[in-house]
Amino acid sequence: MKKNLVGVVAALIAVVGLVFGILSFVKVQKSTSQIDELSAKIDVLTGNIEDIADSVDLEIDTSVEQDGKGGVTIADMEPVKVSFTSAKTYNLVNDGSKKERFAKMSGYTLYLNKNADDFSEIKAALDADHAQIDGVISEVISSHTYKEAETDLVVKESLKKINKLLGSKIAVQLVLDGYVRN
């Protein structure tokens with residue numbers, strides 16, 4: 001009888017241990033989901049803060065001053081000129097009108113800050129291949145309606161995305177050659 005009693009007690013201890021194990025697992029899973037949810041919220045908040053900071057830095061970093069009292073002067077800029085063999089056409093977002101809208105551009109000139117630490121590497125990379133920059137500008141133009149796709153807005157958004165792509169604040173000005181909307 002003692003053998004059976006010891007077996008029953010051992011079985012009860014095993015069942016209690018299993019129940020505690022399951023409860024611990026459920027608690028850990030719940031905590032993990034809360035941590036994942038919190039992490040997602042932090043990522044969104046961090047992204048918003050970075051966007052605000054980028055906007056402020058972009059306005060400060062891209063100021064071109066002629067007098068040399070700060071900012072990037074014209075003498076400190078190196079142009080990277082890209083001309084297309086024929087004008088490129090970009091479809092604009094439909095604004096609700098029945099008319100198809102588009103923009104055209106014959107090329108662009110991207111001005112880089114010659115005094116940036118990574119100037120020589122980025123300049124060499126852009127001279128060798130500028131397809132990603134073309135893609136960024138194309139994406140920005142194509143993401144707007146006719147009314148939104150004004151030159152100033154396209155330039156500002158393109159510079160922000162180009163600098164993010166390059167991992168630097170080296171691009172200080174962008175000129176869209178032959179840019180027209182229709």
# chains A, B, ... in the order shown; residues from 1 in each chain; ligands from 1
>>> select_by_dssp(residues="chain A", states="strand (DSSP E or B)", output="MDAnalysis selection string")
chainID A and resid 64 72 77:91 102:113 171:177 180:181
>>> closest_residue(among="A:Asp134, A:Ile170, A:Ala149, A:His144", to="A:Asn115", atoms="only C-alpha atoms")
A:Ile170
>>> closest_residue(among="A:Ser168, A:Pro79, A:Gly135, A:Val140", to="A:Ile122", atoms="only C-alpha atoms")
A:Ser168
>>> atom_distance(atom1="atom CA of A:Thr46", atom2="atom CA of A:Ser158")
21.4 Å
>>> residues_around(residues="A:Lys99", least_positions_apart="5", cutoff="12 Å", atoms="only C-alpha atoms", output="VMD selection string")
chain A and resid 91 to 94 145 to 146 182
>>> closest_residue(among="A:His130, A:Lys147, A:Lys156, A:Lys114", to="A:Phe102", atoms="only C-alpha atoms")
A:Lys147
>>> select_by_dssp(residues="stretch 89-124 of chain A", states="alpha helix (DSSP H)", output="compact mmCIF listing (two decimals) with N, CA and C atoms, in the first residue's frame")
# COMPACT_ATOMS: atom_id res chain seq x y z
N PHE A 119 32.54 62.29 -49.34
CA PHE A 119 32.31 62.85 -50.68
C PHE A 119 32.92 62.01 -51.79
N SER A 120 34.20 61.67 -51.68
CA SER A 120 34.88 60.98 -52.79
C SER A 120 34.27 59.61 -53.08
N GLU A 121 33.89 58.87 -52.02
CA GLU A 121 33.29 57.55 -52.25
C GLU A 121 31.92 57.67 -52.90
N ILE A 122 31.11 58.59 -52.39
CA ILE A 122 29.75 58.74 -52.93
C ILE A 122 29.80 59.30 -54.35
N LYS A 123 30.66 60.27 -54.60
CA LYS A 123 30.79 60.84 -55.95
C LYS A 123 31.21 59.76 -56.94
N ALA A 124 32.17 58.93 -56.57
CA ALA A 124 32.62 57.85 -57.46
C ALA A 124 31.49 56.85 -57.71
>>> closest_residue(among="A:Ser138, A:Thr73, A:Thr151, A:Ser39", to="A:Tyr90", atoms="only C-alpha atoms")
A:Ser138
>>> residues_around(residues="A:Asn113", least_positions_apart="5", cutoff="9 Å", atoms="only C-alpha atoms", output="list in words")
Val72, Thr73, Asp76, Met77, Glu78, Phe119, Lys169, Ile170, Ala171 and Val172 of chain A
>>> closest_residue(among="A:Ala128, A:Ala103, A:Leu112, A:Val15", to="A:Ile74", atoms="only C-alpha atoms")
A:Leu112
>>> decode(residues="stretch 83-110 of chain A", atoms="N, CA and C atoms", output="compact mmCIF listing (two decimals), in the first residue's frame")
# COMPACT_ATOMS: atom_id res chain seq x y z
N SER A 83 21.79 63.39 -67.82
CA SER A 83 20.90 63.74 -68.92
C SER A 83 20.38 62.45 -69.53
N PHE A 84 19.07 62.40 -69.74
CA PHE A 84 18.46 61.22 -70.35
C PHE A 84 18.55 61.36 -71.87
N THR A 85 18.67 60.23 -72.56
CA THR A 85 18.75 60.27 -74.03
C THR A 85 17.46 60.84 -74.62
N SER A 86 16.34 60.57 -73.99
CA SER A 86 15.07 61.20 -74.36
C SER A 86 14.31 61.49 -73.06
N ALA A 87 13.45 62.47 -73.12
CA ALA A 87 12.72 62.88 -71.91
C ALA A 87 11.94 61.70 -71.34
N LYS A 88 12.00 61.54 -70.01
CA LYS A 88 11.25 60.48 -69.35
C LYS A 88 9.88 61.01 -68.94
N THR A 89 8.89 60.13 -69.06
CA THR A 89 7.52 60.48 -68.69
C THR A 89 7.14 59.70 -67.45
N TYR A 90 6.52 60.38 -66.48
CA TYR A 90 6.11 59.78 -65.22
C TYR A 90 4.60 59.96 -65.06
N ASN A 91 3.87 58.88 -64.88
CA ASN A 91 2.44 58.98 -64.63
C ASN A 91 2.21 59.53 -63.23
N LEU A 92 1.29 60.48 -63.12
CA LEU A 92 0.95 61.06 -61.83
C LEU A 92 -0.28 60.35 -61.27
N VAL A 93 -0.47 60.43 -59.97
CA VAL A 93 -1.60 59.81 -59.30
C VAL A 93 -2.89 60.47 -59.79
N ASN A 94 -3.91 59.67 -60.05
CA ASN A 94 -5.19 60.19 -60.51
C ASN A 94 -5.82 61.02 -59.40
N ASP A 95 -6.19 62.24 -59.74
CA ASP A 95 -6.77 63.16 -58.75
C ASP A 95 -8.29 63.16 -58.77
N GLY A 96 -8.90 62.21 -59.43
CA GLY A 96 -10.36 62.13 -59.50
C GLY A 96 -10.91 62.66 -60.80
N SER A 97 -10.11 63.42 -61.52
CA SER A 97 -10.56 63.91 -62.83
C SER A 97 -10.41 62.77 -63.84
N LYS A 98 -11.08 62.88 -64.91
CA LYS A 98 -11.03 61.82 -65.93
C LYS A 98 -9.83 61.97 -66.85
N LYS A 99 -9.01 62.99 -66.60
CA LYS A 99 -7.86 63.27 -67.44
C LYS A 99 -6.62 62.57 -66.90
N GLU A 100 -5.89 61.91 -67.77
CA GLU A 100 -4.61 61.29 -67.39
C GLU A 100 -3.56 62.39 -67.26
N ARG A 101 -2.87 62.42 -66.13
CA ARG A 101 -1.86 63.44 -65.88
C ARG A 101 -0.49 62.79 -65.83
N PHE A 102 0.51 63.54 -66.30
CA PHE A 102 1.87 63.02 -66.29
C PHE A 102 2.86 64.18 -66.13
N ALA A 103 4.09 63.83 -65.85
CA ALA A 103 5.18 64.81 -65.77
C ALA A 103 6.31 64.31 -66.67
N LYS A 104 7.08 65.23 -67.18
CA LYS A 104 8.23 64.89 -68.02
C LYS A 104 9.47 65.58 -67.46
N MET A 105 10.60 64.92 -67.72
CA MET A 105 11.87 65.47 -67.27
C MET A 105 12.96 64.98 -68.21
N SER A 106 13.90 65.87 -68.56
CA SER A 106 14.97 65.50 -69.48
C SER A 106 16.26 65.11 -68.76
N GLY A 107 16.29 65.29 -67.44
CA GLY A 107 17.47 64.93 -66.65
C GLY A 107 17.44 65.68 -65.33
N TYR A 108 18.54 65.63 -64.63
CA TYR A 108 18.64 66.34 -63.36
C TYR A 108 20.10 66.59 -63.02
N THR A 109 20.31 67.53 -62.12
CA THR A 109 21.64 67.81 -61.60
C THR A 109 21.55 67.73 -60.08
N LEU A 110 22.34 66.85 -59.51
CA LEU A 110 22.39 66.66 -58.07
C LEU A 110 23.67 67.31 -57.57
